[in-house]
file query-v2.txt (compact mmCIF, N, CA and C atoms and all ligand atoms)
# COMPACT_ATOMS: atom_id res chain seq x y z
N MET I 1 -18.11 -8.25 -6.18
CA MET I 1 -17.04 -8.34 -7.16
C MET I 1 -16.22 -9.59 -6.89
N THR I 2 -15.54 -10.04 -7.89
CA THR I 2 -14.63 -11.17 -7.69
C THR I 2 -13.20 -10.69 -7.79
N LYS I 3 -12.35 -11.32 -6.99
CA LYS I 3 -10.93 -10.96 -6.93
C LYS I 3 -10.16 -12.26 -7.10
N GLN I 4 -9.53 -12.42 -8.23
CA GLN I 4 -8.86 -13.68 -8.55
C GLN I 4 -7.36 -13.45 -8.67
N VAL I 5 -6.59 -14.25 -7.94
CA VAL I 5 -5.13 -14.15 -7.99
C VAL I 5 -4.61 -14.82 -9.26
N VAL I 6 -3.69 -14.14 -9.93
CA VAL I 6 -3.00 -14.71 -11.09
C VAL I 6 -1.60 -15.12 -10.64
N PHE I 7 -1.22 -16.37 -10.93
CA PHE I 7 0.16 -16.80 -10.62
C PHE I 7 0.67 -17.67 -11.74
N THR I 8 1.89 -17.39 -12.16
CA THR I 8 2.56 -18.26 -13.13
C THR I 8 4.02 -18.45 -12.73
N ASP I 9 4.52 -19.69 -12.95
CA ASP I 9 5.94 -19.97 -12.74
C ASP I 9 6.81 -19.33 -13.83
N ALA I 10 6.18 -18.86 -14.89
CA ALA I 10 6.93 -18.27 -16.00
C ALA I 10 7.34 -16.82 -15.70
N ALA I 11 6.89 -16.30 -14.56
CA ALA I 11 7.34 -14.98 -14.09
C ALA I 11 7.84 -15.17 -12.67
N PRO I 12 8.71 -14.26 -12.20
CA PRO I 12 9.26 -14.44 -10.86
C PRO I 12 8.19 -14.41 -9.78
N ALA I 13 8.40 -15.22 -8.74
CA ALA I 13 7.53 -15.17 -7.57
C ALA I 13 7.68 -13.80 -6.90
N ALA I 14 6.68 -13.42 -6.17
CA ALA I 14 6.72 -12.14 -5.46
C ALA I 14 7.89 -12.09 -4.49
N VAL I 15 8.52 -10.94 -4.39
CA VAL I 15 9.59 -10.75 -3.42
C VAL I 15 9.08 -9.97 -2.20
N GLY I 16 7.80 -9.96 -2.03
CA GLY I 16 7.16 -9.29 -0.90
C GLY I 16 5.72 -9.72 -0.83
N PRO I 17 4.93 -9.07 0.02
CA PRO I 17 3.53 -9.46 0.19
C PRO I 17 2.62 -8.88 -0.90
N TYR I 18 2.77 -9.43 -2.11
CA TYR I 18 1.91 -9.01 -3.23
C TYR I 18 1.70 -10.19 -4.15
N SER I 19 0.72 -10.05 -5.05
CA SER I 19 0.45 -11.07 -6.05
C SER I 19 0.99 -10.60 -7.39
N GLN I 20 1.29 -11.54 -8.27
CA GLN I 20 1.75 -11.13 -9.61
C GLN I 20 0.69 -10.29 -10.32
N ALA I 21 -0.55 -10.67 -10.13
CA ALA I 21 -1.66 -9.90 -10.72
C ALA I 21 -2.94 -10.30 -10.01
N ILE I 22 -3.91 -9.42 -10.09
CA ILE I 22 -5.25 -9.69 -9.58
C ILE I 22 -6.24 -9.39 -10.70
N ILE I 23 -7.15 -10.32 -10.94
CA ILE I 23 -8.25 -10.04 -11.86
C ILE I 23 -9.42 -9.58 -11.00
N ALA I 24 -9.85 -8.34 -11.21
CA ALA I 24 -10.98 -7.78 -10.47
C ALA I 24 -12.10 -7.53 -11.45
N SER I 25 -13.27 -8.03 -11.13
CA SER I 25 -14.38 -7.84 -12.07
C SER I 25 -15.65 -7.48 -11.31
N GLY I 26 -16.37 -6.59 -11.91
CA GLY I 26 -17.64 -6.17 -11.33
C GLY I 26 -17.46 -5.09 -10.29
N GLY I 27 -18.55 -4.59 -9.81
CA GLY I 27 -18.52 -3.61 -8.73
C GLY I 27 -17.96 -2.27 -9.15
N LYS I 28 -17.45 -1.55 -8.14
CA LYS I 28 -16.94 -0.21 -8.35
C LYS I 28 -15.42 -0.23 -8.25
N THR I 29 -14.79 0.60 -9.06
CA THR I 29 -13.34 0.77 -8.96
C THR I 29 -13.07 2.16 -8.42
N VAL I 30 -12.21 2.23 -7.41
CA VAL I 30 -11.90 3.50 -6.75
C VAL I 30 -10.39 3.71 -6.79
N PHE I 31 -9.97 4.88 -7.22
CA PHE I 31 -8.55 5.23 -7.30
C PHE I 31 -8.22 6.16 -6.14
N LEU I 32 -7.36 5.70 -5.24
CA LEU I 32 -7.01 6.50 -4.07
C LEU I 32 -5.71 7.25 -4.31
N SER I 33 -5.68 8.47 -3.86
CA SER I 33 -4.45 9.24 -3.91
C SER I 33 -3.44 8.66 -2.93
N GLY I 34 -2.19 9.04 -3.12
CA GLY I 34 -1.15 8.60 -2.20
C GLY I 34 -1.34 9.17 -0.82
N GLN I 35 -0.94 8.37 0.17
CA GLN I 35 -0.95 8.82 1.56
C GLN I 35 0.46 8.75 2.12
N ILE I 36 0.85 9.79 2.84
CA ILE I 36 2.10 9.79 3.59
C ILE I 36 1.76 9.82 5.07
N GLY I 37 2.75 9.77 5.90
CA GLY I 37 2.51 9.60 7.34
C GLY I 37 2.14 10.87 8.07
N LEU I 38 1.20 11.62 7.52
CA LEU I 38 0.71 12.83 8.19
C LEU I 38 -0.38 12.46 9.18
N GLU I 39 -0.33 13.08 10.35
CA GLU I 39 -1.42 12.94 11.31
C GLU I 39 -2.57 13.82 10.84
N PRO I 40 -3.78 13.25 10.72
CA PRO I 40 -4.91 14.06 10.24
C PRO I 40 -5.14 15.32 11.08
N ALA I 41 -4.95 15.22 12.37
CA ALA I 41 -5.28 16.34 13.27
C ALA I 41 -4.31 17.51 13.11
N THR I 42 -3.06 17.21 12.82
CA THR I 42 -2.05 18.28 12.77
C THR I 42 -1.56 18.58 11.37
N GLY I 43 -1.73 17.63 10.46
CA GLY I 43 -1.19 17.78 9.11
C GLY I 43 0.33 17.68 9.08
N GLU I 44 0.91 17.19 10.16
CA GLU I 44 2.36 17.04 10.24
C GLU I 44 2.73 15.57 10.27
N LEU I 45 3.96 15.28 9.86
CA LEU I 45 4.42 13.89 9.92
C LEU I 45 4.35 13.37 11.34
N VAL I 46 3.89 12.13 11.47
CA VAL I 46 3.69 11.54 12.79
C VAL I 46 5.00 11.35 13.53
N SER I 47 6.08 11.16 12.74
CA SER I 47 7.36 10.78 13.34
C SER I 47 8.45 10.93 12.30
N GLU I 48 9.68 11.00 12.74
CA GLU I 48 10.83 10.90 11.82
C GLU I 48 11.15 9.45 11.54
N ASN I 49 10.50 8.57 12.27
CA ASN I 49 10.77 7.14 12.21
C ASN I 49 10.07 6.51 11.00
N PHE I 50 10.81 5.73 10.20
CA PHE I 50 10.26 5.13 8.98
C PHE I 50 9.05 4.27 9.30
N GLU I 51 9.18 3.37 10.28
CA GLU I 51 8.08 2.45 10.60
C GLU I 51 6.84 3.23 11.04
N GLY I 52 7.04 4.26 11.82
CA GLY I 52 5.90 5.08 12.26
C GLY I 52 5.21 5.74 11.08
N GLN I 53 5.99 6.21 10.12
CA GLN I 53 5.39 6.85 8.94
C GLN I 53 4.64 5.83 8.09
N VAL I 54 5.20 4.62 7.97
CA VAL I 54 4.51 3.59 7.18
C VAL I 54 3.16 3.26 7.83
N ARG I 55 3.18 3.07 9.15
CA ARG I 55 1.92 2.73 9.84
C ARG I 55 0.89 3.85 9.73
N GLN I 56 1.33 5.10 9.85
CA GLN I 56 0.39 6.22 9.74
C GLN I 56 -0.14 6.33 8.30
N ALA I 57 0.74 6.12 7.31
CA ALA I 57 0.29 6.20 5.92
C ALA I 57 -0.77 5.13 5.65
N PHE I 58 -0.55 3.91 6.15
CA PHE I 58 -1.57 2.86 5.95
C PHE I 58 -2.84 3.17 6.74
N ALA I 59 -2.70 3.78 7.93
CA ALA I 59 -3.90 4.16 8.69
C ALA I 59 -4.69 5.22 7.91
N ASN I 60 -3.98 6.18 7.32
CA ASN I 60 -4.66 7.20 6.51
C ASN I 60 -5.34 6.57 5.31
N LEU I 61 -4.62 5.63 4.67
CA LEU I 61 -5.21 4.94 3.51
C LEU I 61 -6.48 4.21 3.93
N GLU I 62 -6.41 3.50 5.07
CA GLU I 62 -7.59 2.74 5.51
C GLU I 62 -8.76 3.67 5.81
N ALA I 63 -8.49 4.86 6.33
CA ALA I 63 -9.58 5.80 6.61
C ALA I 63 -10.30 6.18 5.32
N VAL I 64 -9.52 6.40 4.26
CA VAL I 64 -10.14 6.77 2.98
C VAL I 64 -10.85 5.56 2.37
N VAL I 65 -10.24 4.40 2.50
CA VAL I 65 -10.88 3.17 2.01
C VAL I 65 -12.25 2.99 2.67
N LYS I 66 -12.29 3.18 4.00
CA LYS I 66 -13.57 3.00 4.72
C LYS I 66 -14.57 4.06 4.30
N GLU I 67 -14.11 5.29 4.11
CA GLU I 67 -15.02 6.36 3.69
C GLU I 67 -15.62 6.05 2.31
N ALA I 68 -14.85 5.34 1.49
CA ALA I 68 -15.35 4.94 0.17
C ALA I 68 -16.32 3.77 0.27
N GLY I 69 -16.48 3.22 1.47
CA GLY I 69 -17.41 2.12 1.68
C GLY I 69 -16.78 0.76 1.48
N ALA I 70 -15.45 0.71 1.53
CA ALA I 70 -14.74 -0.54 1.26
C ALA I 70 -13.91 -0.93 2.47
N SER I 71 -13.14 -2.01 2.32
CA SER I 71 -12.22 -2.44 3.37
C SER I 71 -10.87 -2.75 2.73
N LEU I 72 -9.86 -2.96 3.57
CA LEU I 72 -8.51 -3.21 3.05
C LEU I 72 -8.47 -4.45 2.17
N SER I 73 -9.40 -5.39 2.38
CA SER I 73 -9.42 -6.59 1.55
C SER I 73 -9.89 -6.29 0.12
N ASP I 74 -10.39 -5.09 -0.12
CA ASP I 74 -10.86 -4.71 -1.45
C ASP I 74 -9.76 -4.05 -2.30
N ILE I 75 -8.56 -3.93 -1.73
CA ILE I 75 -7.45 -3.34 -2.50
C ILE I 75 -6.98 -4.34 -3.54
N VAL I 76 -6.93 -3.92 -4.80
CA VAL I 76 -6.45 -4.81 -5.86
C VAL I 76 -5.07 -4.40 -6.35
N LYS I 77 -4.65 -3.17 -6.10
CA LYS I 77 -3.30 -2.74 -6.51
C LYS I 77 -2.80 -1.69 -5.53
N LEU I 78 -1.55 -1.87 -5.11
CA LEU I 78 -0.88 -0.88 -4.26
C LEU I 78 0.38 -0.41 -4.98
N THR I 79 0.72 0.83 -4.77
CA THR I 79 2.03 1.32 -5.17
C THR I 79 2.69 1.92 -3.94
N LEU I 80 3.91 1.46 -3.66
CA LEU I 80 4.69 1.98 -2.54
C LEU I 80 5.81 2.84 -3.09
N PHE I 81 6.06 3.95 -2.45
CA PHE I 81 7.17 4.84 -2.80
C PHE I 81 8.04 4.99 -1.56
N LEU I 82 9.33 4.69 -1.71
CA LEU I 82 10.27 4.77 -0.58
C LEU I 82 11.43 5.69 -0.98
N THR I 83 11.83 6.55 -0.07
CA THR I 83 13.01 7.38 -0.35
C THR I 83 14.29 6.62 -0.05
N ASP I 84 14.18 5.46 0.59
CA ASP I 84 15.36 4.65 0.92
C ASP I 84 14.98 3.18 0.77
N LEU I 85 15.38 2.60 -0.35
CA LEU I 85 14.97 1.20 -0.61
C LEU I 85 15.63 0.20 0.33
N SER I 86 16.58 0.66 1.15
CA SER I 86 17.12 -0.26 2.16
C SER I 86 16.05 -0.58 3.21
N ARG I 87 14.92 0.18 3.21
CA ARG I 87 13.82 -0.09 4.14
C ARG I 87 12.76 -1.00 3.54
N PHE I 88 13.07 -1.60 2.39
CA PHE I 88 12.12 -2.46 1.67
C PHE I 88 11.58 -3.58 2.57
N ALA I 89 12.47 -4.26 3.29
CA ALA I 89 12.03 -5.39 4.13
C ALA I 89 11.11 -4.91 5.24
N SER I 90 11.41 -3.76 5.79
CA SER I 90 10.56 -3.21 6.85
C SER I 90 9.17 -2.87 6.31
N ALA I 91 9.13 -2.24 5.14
CA ALA I 91 7.83 -1.92 4.53
C ALA I 91 7.06 -3.20 4.24
N ASN I 92 7.75 -4.22 3.74
CA ASN I 92 7.08 -5.50 3.47
C ASN I 92 6.48 -6.10 4.74
N ALA I 93 7.23 -6.05 5.83
CA ALA I 93 6.76 -6.66 7.08
C ALA I 93 5.51 -5.94 7.59
N ILE I 94 5.51 -4.63 7.53
CA ILE I 94 4.35 -3.88 8.02
C ILE I 94 3.16 -4.12 7.10
N MET I 95 3.41 -4.11 5.80
CA MET I 95 2.31 -4.34 4.85
C MET I 95 1.72 -5.74 5.06
N ALA I 96 2.58 -6.73 5.25
CA ALA I 96 2.08 -8.11 5.44
C ALA I 96 1.22 -8.22 6.70
N GLU I 97 1.55 -7.39 7.69
CA GLU I 97 0.79 -7.38 8.95
C GLU I 97 -0.58 -6.72 8.75
N LEU I 98 -0.64 -5.69 7.91
CA LEU I 98 -1.85 -4.86 7.82
C LEU I 98 -2.80 -5.26 6.70
N ILE I 99 -2.26 -5.79 5.61
CA ILE I 99 -3.09 -6.05 4.43
C ILE I 99 -3.46 -7.52 4.39
N PRO I 100 -4.77 -7.83 4.31
CA PRO I 100 -5.18 -9.24 4.30
C PRO I 100 -4.81 -9.96 3.00
N GLN I 101 -4.66 -11.27 3.12
CA GLN I 101 -4.43 -12.10 1.93
C GLN I 101 -5.78 -12.44 1.30
N PRO I 102 -5.83 -12.71 -0.01
CA PRO I 102 -4.72 -12.70 -0.95
C PRO I 102 -4.21 -11.28 -1.18
N PHE I 103 -2.89 -11.15 -1.24
CA PHE I 103 -2.31 -9.83 -1.36
C PHE I 103 -2.62 -9.21 -2.73
N PRO I 104 -2.75 -7.90 -2.75
CA PRO I 104 -2.99 -7.20 -4.02
C PRO I 104 -1.76 -7.24 -4.92
N ALA I 105 -1.94 -6.90 -6.18
CA ALA I 105 -0.80 -6.60 -7.04
C ALA I 105 -0.09 -5.36 -6.45
N ARG I 106 1.18 -5.20 -6.77
CA ARG I 106 1.91 -4.09 -6.16
C ARG I 106 3.11 -3.70 -7.01
N SER I 107 3.44 -2.44 -6.98
CA SER I 107 4.72 -1.94 -7.48
C SER I 107 5.38 -1.17 -6.36
N THR I 108 6.71 -1.26 -6.27
CA THR I 108 7.45 -0.52 -5.26
C THR I 108 8.55 0.27 -5.96
N ILE I 109 8.60 1.55 -5.66
CA ILE I 109 9.47 2.46 -6.40
C ILE I 109 10.30 3.27 -5.41
N GLY I 110 11.60 3.34 -5.68
CA GLY I 110 12.47 4.22 -4.91
C GLY I 110 12.45 5.61 -5.53
N VAL I 111 12.28 6.59 -4.70
CA VAL I 111 12.17 7.97 -5.19
C VAL I 111 13.16 8.87 -4.44
N ALA I 112 13.51 9.98 -5.07
CA ALA I 112 14.49 10.89 -4.46
C ALA I 112 13.91 11.59 -3.24
N SER I 113 12.66 11.97 -3.34
CA SER I 113 12.03 12.68 -2.21
C SER I 113 10.52 12.61 -2.36
N LEU I 114 9.85 12.91 -1.26
CA LEU I 114 8.38 12.89 -1.21
C LEU I 114 7.90 14.18 -0.54
N PRO I 115 6.64 14.54 -0.73
CA PRO I 115 6.12 15.76 -0.12
C PRO I 115 6.32 15.77 1.40
N LYS I 116 6.52 16.96 1.95
CA LYS I 116 6.62 17.17 3.39
C LYS I 116 7.82 16.45 4.02
N GLY I 117 8.76 16.00 3.19
CA GLY I 117 9.92 15.29 3.72
C GLY I 117 9.61 13.87 4.15
N ALA I 118 8.47 13.33 3.69
CA ALA I 118 8.09 11.97 4.08
C ALA I 118 9.09 10.96 3.50
N GLN I 119 9.16 9.80 4.17
CA GLN I 119 10.04 8.71 3.72
C GLN I 119 9.27 7.62 2.98
N PHE I 120 7.92 7.70 3.05
CA PHE I 120 7.10 6.60 2.51
C PHE I 120 5.77 7.16 2.05
N GLU I 121 5.30 6.64 0.91
CA GLU I 121 3.95 6.97 0.42
C GLU I 121 3.32 5.71 -0.13
N VAL I 122 2.02 5.59 0.03
CA VAL I 122 1.30 4.42 -0.51
C VAL I 122 0.04 4.91 -1.21
N GLU I 123 -0.23 4.34 -2.39
CA GLU I 123 -1.48 4.61 -3.09
C GLU I 123 -2.13 3.29 -3.44
N ALA I 124 -3.44 3.34 -3.69
CA ALA I 124 -4.18 2.08 -3.87
C ALA I 124 -5.27 2.22 -4.92
N ILE I 125 -5.62 1.09 -5.50
CA ILE I 125 -6.81 0.96 -6.33
C ILE I 125 -7.69 -0.10 -5.67
N LEU I 126 -8.96 0.24 -5.51
CA LEU I 126 -9.94 -0.67 -4.90
C LEU I 126 -10.91 -1.16 -5.96
N ASN I 127 -11.41 -2.35 -5.74
CA ASN I 127 -12.55 -2.84 -6.52
C ASN I 127 -13.43 -3.61 -5.56
N PHE I 128 -14.67 -3.19 -5.48
CA PHE I 128 -15.57 -3.87 -4.54
C PHE I 128 -17.01 -3.75 -4.98
C1 LIG C 1 8.90 -6.01 -7.02
C2 LIG C 1 7.58 -5.49 -6.67
N1 LIG C 1 6.63 -5.53 -7.54
C3 LIG C 1 7.33 -4.96 -5.35
O1 LIG C 1 6.32 -4.28 -5.15
O2 LIG C 1 8.14 -5.20 -4.44
call {"tool": "encode", "arguments": {"input": "query-v2.txt", "output": "C-alpha cells"}}
result
Amino acid sequence: MTKQVVFTDAAPAAVGPYSQAIIASGGKTVFLSGQIGLEPATGELVSENFEGQVRQAFANLEAVVKEAGASLSDIVKLTLFLTDLSRFASANAIMAELIPQPFPARSTIGVASLPKGAQFEVEAILNF
C-alpha cells in the first residue's frame, strides 16, 4: 500500500505528532477498537499514573496491530481520548516516541470519563 502525507499551508500546521491527512491506497484497511491502559493479564488498569496508562494503551494497541499482521508504521489514523486535556503535551510526547514518522492523521478529544476509570484511550485505523 502507499501512504502519502497531505500538507497545505492553507490549514493550520499540526499541534502535535500527526499529519493533516494521509492518503492510503491499496491493501487492507483494519479498524481497531479503542485501547485503555489495562494489563492483559489482569484486566486492570496498569497504574493510576497518566503516562503509565498511555504507554500501556499503546502497548495494547501494538499487540492488536501485530496480530492483524501489521506494524505501527501502518497506522493511518489515530483518535486519542483524554479525560484531562491538560495532559495533551504528555500524550503528544509519548506518541511521538512510539509512533514512527510520517505521523498518521489524528483527532484528539477531551471526554468526561472513560471505561474502567481510565484517563486515556487510543483507537486506530490501519492500511497495509
Ligand atoms: C488537533 C488535533 N487534530 C490533535 O489530534 O491534536
call {"tool": "residues_near_ligand", "arguments": {"input": "query-v2.txt", "ligand": "ligand LIG 1 (chain C)", "cutoff": "7 Å", "atoms": "only N, CA and C atoms and all ligand atoms", "output": "list of chain:residue names"}}
result
I:Ala14, I:Val15, I:Gly16, I:Pro17, I:Tyr18, I:Leu80, I:Ala105, I:Arg106, I:Ser107, I:Thr108, I:Ile109
call {"tool": "closest_residue", "arguments": {"input": "query-v2.txt", "among": "I:Gln35, I:Ser25, I:Gln20, I:Thr83", "to": "I:Leu61", "atoms": "only N, CA and C atoms"}}
result
I:Gln35
call {"tool": "residues_near_point", "arguments": {"input": "query-v2.txt", "point": "(8.6, 1.2, 6.0)", "cutoff": "8 Å", "atoms": "only C-alpha atoms", "output": "PyMOL selection string"}}
result
chain I and resi 50-55+82+87-92+94+119-120
call {"tool": "select_by_dssp", "arguments": {"input": "query-v2.txt", "residues": "chain I", "states": "helix (DSSP H, G or I)", "output": "PDB file with N, CA and C atoms, keeping the file's coordinate frame"}}
result
ATOM      1  N   PHE I  50      10.810   5.730  10.200  1.00  0.00           N
ATOM      2  CA  PHE I  50      10.260   5.130   8.980  1.00  0.00           C
ATOM      3  C   PHE I  50       9.050   4.270   9.300  1.00  0.00           C
ATOM      4  N   GLU I  51       9.180   3.370  10.280  1.00  0.00           N
ATOM      5  CA  GLU I  51       8.080   2.450  10.600  1.00  0.00           C
ATOM      6  C   GLU I  51       6.840   3.230  11.040  1.00  0.00           C
ATOM      7  N   GLY I  52       7.040   4.260  11.820  1.00  0.00           N
ATOM      8  CA  GLY I  52       5.900   5.080  12.260  1.00  0.00           C
ATOM      9  C   GLY I  52       5.210   5.740  11.080  1.00  0.00           C
ATOM     10  N   GLN I  53       5.990   6.210  10.120  1.00  0.00           N
ATOM     11  CA  GLN I  53       5.390   6.850   8.940  1.00  0.00           C
ATOM     12  C   GLN I  53       4.640   5.830   8.090  1.00  0.00           C
ATOM     13  N   VAL I  54       5.200   4.620   7.970  1.00  0.00           N
ATOM     14  CA  VAL I  54       4.510   3.590   7.180  1.00  0.00           C
ATOM     15  C   VAL I  54       3.160   3.260   7.830  1.00  0.00           C
ATOM     16  N   ARG I  55       3.180   3.070   9.150  1.00  0.00           N
ATOM     17  CA  ARG I  55       1.920   2.730   9.840  1.00  0.00           C
ATOM     18  C   ARG I  55       0.890   3.850   9.730  1.00  0.00           C
ATOM     19  N   GLN I  56       1.330   5.100   9.850  1.00  0.00           N
ATOM     20  CA  GLN I  56       0.390   6.220   9.740  1.00  0.00           C
ATOM     21  C   GLN I  56      -0.140   6.330   8.300  1.00  0.00           C
ATOM     22  N   ALA I  57       0.740   6.120   7.310  1.00  0.00           N
ATOM     23  CA  ALA I  57       0.290   6.200   5.920  1.00  0.00           C
ATOM     24  C   ALA I  57      -0.770   5.130   5.650  1.00  0.00           C
ATOM     25  N   PHE I  58      -0.550   3.910   6.150  1.00  0.00           N
ATOM     26  CA  PHE I  58      -1.570   2.860   5.950  1.00  0.00           C
ATOM     27  C   PHE I  58      -2.840   3.170   6.740  1.00  0.00           C
ATOM     28  N   ALA I  59      -2.700   3.780   7.930  1.00  0.00           N
ATOM     29  CA  ALA I  59      -3.900   4.160   8.690  1.00  0.00           C
ATOM     30  C   ALA I  59      -4.690   5.220   7.910  1.00  0.00           C
ATOM     31  N   ASN I  60      -3.980   6.180   7.320  1.00  0.00           N
ATOM     32  CA  ASN I  60      -4.660   7.200   6.510  1.00  0.00           C
ATOM     33  C   ASN I  60      -5.340   6.570   5.310  1.00  0.00           C
ATOM     34  N   LEU I  61      -4.620   5.630   4.670  1.00  0.00           N
ATOM     35  CA  LEU I  61      -5.210   4.940   3.510  1.00  0.00           C
ATOM     36  C   LEU I  61      -6.480   4.210   3.930  1.00  0.00           C
ATOM     37  N   GLU I  62      -6.410   3.500   5.070  1.00  0.00           N
ATOM     38  CA  GLU I  62      -7.590   2.740   5.510  1.00  0.00           C
ATOM     39  C   GLU I  62      -8.760   3.670   5.810  1.00  0.00           C
ATOM     40  N   ALA I  63      -8.490   4.860   6.330  1.00  0.00           N
ATOM     41  CA  ALA I  63      -9.580   5.800   6.610  1.00  0.00           C
ATOM     42  C   ALA I  63     -10.300   6.180   5.320  1.00  0.00           C
ATOM     43  N   VAL I  64      -9.520   6.400   4.260  1.00  0.00           N
ATOM     44  CA  VAL I  64     -10.140   6.770   2.980  1.00  0.00           C
ATOM     45  C   VAL I  64     -10.850   5.560   2.370  1.00  0.00           C
ATOM     46  N   VAL I  65     -10.240   4.400   2.500  1.00  0.00           N
ATOM     47  CA  VAL I  65     -10.880   3.170   2.010  1.00  0.00           C
ATOM     48  C   VAL I  65     -12.250   2.990   2.670  1.00  0.00           C
ATOM     49  N   LYS I  66     -12.290   3.180   4.000  1.00  0.00           N
ATOM     50  CA  LYS I  66     -13.570   3.000   4.720  1.00  0.00           C
ATOM     51  C   LYS I  66     -14.570   4.060   4.300  1.00  0.00           C
ATOM     52  N   GLU I  67     -14.110   5.290   4.110  1.00  0.00           N
ATOM     53  CA  GLU I  67     -15.020   6.360   3.690  1.00  0.00           C
ATOM     54  C   GLU I  67     -15.620   6.050   2.310  1.00  0.00           C
ATOM     55  N   LEU I  72      -9.860  -2.960   3.570  1.00  0.00           N
ATOM     56  CA  LEU I  72      -8.510  -3.210   3.050  1.00  0.00           C
ATOM     57  C   LEU I  72      -8.470  -4.450   2.170  1.00  0.00           C
ATOM     58  N   SER I  73      -9.400  -5.390   2.380  1.00  0.00           N
ATOM     59  CA  SER I  73      -9.420  -6.590   1.550  1.00  0.00           C
ATOM     60  C   SER I  73      -9.890  -6.290   0.120  1.00  0.00           C
ATOM     61  N   ASP I  74     -10.390  -5.090  -0.120  1.00  0.00           N
ATOM     62  CA  ASP I  74     -10.860  -4.710  -1.450  1.00  0.00           C
ATOM     63  C   ASP I  74      -9.760  -4.050  -2.300  1.00  0.00           C
ATOM     64  N   LEU I  85      15.380   2.600  -0.350  1.00  0.00           N
ATOM     65  CA  LEU I  85      14.970   1.200  -0.610  1.00  0.00           C
ATOM     66  C   LEU I  85      15.630   0.200   0.330  1.00  0.00           C
ATOM     67  N   SER I  86      16.580   0.660   1.150  1.00  0.00           N
ATOM     68  CA  SER I  86      17.120  -0.260   2.160  1.00  0.00           C
ATOM     69  C   SER I  86      16.050  -0.580   3.210  1.00  0.00           C
ATOM     70  N   ARG I  87      14.920   0.180   3.210  1.00  0.00           N
ATOM     71  CA  ARG I  87      13.820  -0.090   4.140  1.00  0.00           C
ATOM     72  C   ARG I  87      12.760  -1.000   3.540  1.00  0.00           C
ATOM     73  N   PHE I  88      13.070  -1.600   2.390  1.00  0.00           N
ATOM     74  CA  PHE I  88      12.120  -2.460   1.670  1.00  0.00           C
ATOM     75  C   PHE I  88      11.580  -3.580   2.570  1.00  0.00           C
ATOM     76  N   ALA I  89      12.470  -4.260   3.290  1.00  0.00           N
ATOM     77  CA  ALA I  89      12.030  -5.390   4.130  1.00  0.00           C
ATOM     78  C   ALA I  89      11.110  -4.910   5.240  1.00  0.00           C
ATOM     79  N   SER I  90      11.410  -3.760   5.790  1.00  0.00           N
ATOM     80  CA  SER I  90      10.560  -3.210   6.850  1.00  0.00           C
ATOM     81  C   SER I  90       9.170  -2.870   6.310  1.00  0.00           C
ATOM     82  N   ALA I  91       9.130  -2.240   5.140  1.00  0.00           N
ATOM     83  CA  ALA I  91       7.830  -1.920   4.530  1.00  0.00           C
ATOM     84  C   ALA I  91       7.060  -3.200   4.240  1.00  0.00           C
ATOM     85  N   ASN I  92       7.750  -4.220   3.740  1.00  0.00           N
ATOM     86  CA  ASN I  92       7.080  -5.500   3.470  1.00  0.00           C
ATOM     87  C   ASN I  92       6.480  -6.100   4.740  1.00  0.00           C
ATOM     88  N   ALA I  93       7.230  -6.050   5.830  1.00  0.00           N
ATOM     89  CA  ALA I  93       6.760  -6.660   7.080  1.00  0.00           C
ATOM     90  C   ALA I  93       5.510  -5.940   7.590  1.00  0.00           C
ATOM     91  N   ILE I  94       5.510  -4.630   7.530  1.00  0.00           N
ATOM     92  CA  ILE I  94       4.350  -3.880   8.020  1.00  0.00           C
ATOM     93  C   ILE I  94       3.160  -4.120   7.100  1.00  0.00           C
ATOM     94  N   MET I  95       3.410  -4.110   5.800  1.00  0.00           N
ATOM     95  CA  MET I  95       2.310  -4.340   4.850  1.00  0.00           C
ATOM     96  C   MET I  95       1.720  -5.740   5.060  1.00  0.00           C
ATOM     97  N   ALA I  96       2.580  -6.730   5.250  1.00  0.00           N
ATOM     98  CA  ALA I  96       2.080  -8.110   5.440  1.00  0.00           C
ATOM     99  C   ALA I  96       1.220  -8.220   6.700  1.00  0.00           C
ATOM    100  N   GLU I  97       1.550  -7.390   7.690  1.00  0.00           N
ATOM    101  CA  GLU I  97       0.790  -7.380   8.950  1.00  0.00           C
ATOM    102  C   GLU I  97      -0.580  -6.720   8.750  1.00  0.00           C
ATOM    103  N   LEU I  98      -0.640  -5.690   7.910  1.00  0.00           N
ATOM    104  CA  LEU I  98      -1.850  -4.860   7.820  1.00  0.00           C
ATOM    105  C   LEU I  98      -2.800  -5.260   6.700  1.00  0.00           C
ATOM    106  N   PRO I 115       6.640  14.540  -0.730  1.00  0.00           N
ATOM    107  CA  PRO I 115       6.120  15.760  -0.120  1.00  0.00           C
ATOM    108  C   PRO I 115       6.320  15.770   1.400  1.00  0.00           C
ATOM    109  N   LYS I 116       6.520  16.960   1.950  1.00  0.00           N
ATOM    110  CA  LYS I 116       6.620  17.170   3.390  1.00  0.00           C
ATOM    111  C   LYS I 116       7.820  16.450   4.020  1.00  0.00           C
ATOM    112  N   GLY I 117       8.760  16.000   3.190  1.00  0.00           N
ATOM    113  CA  GLY I 117       9.920  15.290   3.720  1.00  0.00           C
ATOM    114  C   GLY I 117       9.610  13.870   4.150  1.00  0.00           C
TER     115      GLY I 117
END
call {"tool": "residues_around", "arguments": {"input": "query-v2.txt", "residues": "I:Gly34", "least_positions_apart": "5", "cutoff": "7 Å", "atoms": "all atoms listed in the file", "output": "list in words"}}
result
Glu121, Val122, Glu123 and Ala124 of chain I
call {"tool": "residues_around", "arguments": {"input": "query-v2.txt", "residues": "I:Ile99", "least_positions_apart": "2", "cutoff": "10 Å", "atoms": "only C-alpha atoms", "output": "ChimeraX atom specification"}}
result
/I:17-18,58,62,71-75,94-97,101-104
call {"tool": "select_by_dssp", "arguments": {"input": "query-v2.txt", "residues": "stretch 4-123 of chain I", "states": "strand (DSSP E)", "output": "VMD selection string"}}
result
chain I and resid 4 to 6 21 to 25 29 to 35 75 to 82 105 to 110 120 to 123
call {"tool": "closest_residue", "arguments": {"input": "query-v2.txt", "among": "I:Ala112, I:Val65, I:Ala70, I:Ile23", "to": "I:Asp84", "atoms": "only C-alpha atoms"}}
result
I:Ala112
call {"tool": "closest_residue", "arguments": {"input": "query-v2.txt", "among": "I:Val5, I:Ala57, I:Ala10, I:Ile36", "to": "I:Ile22", "atoms": "only N, CA and C atoms"}}
result
I:Val5
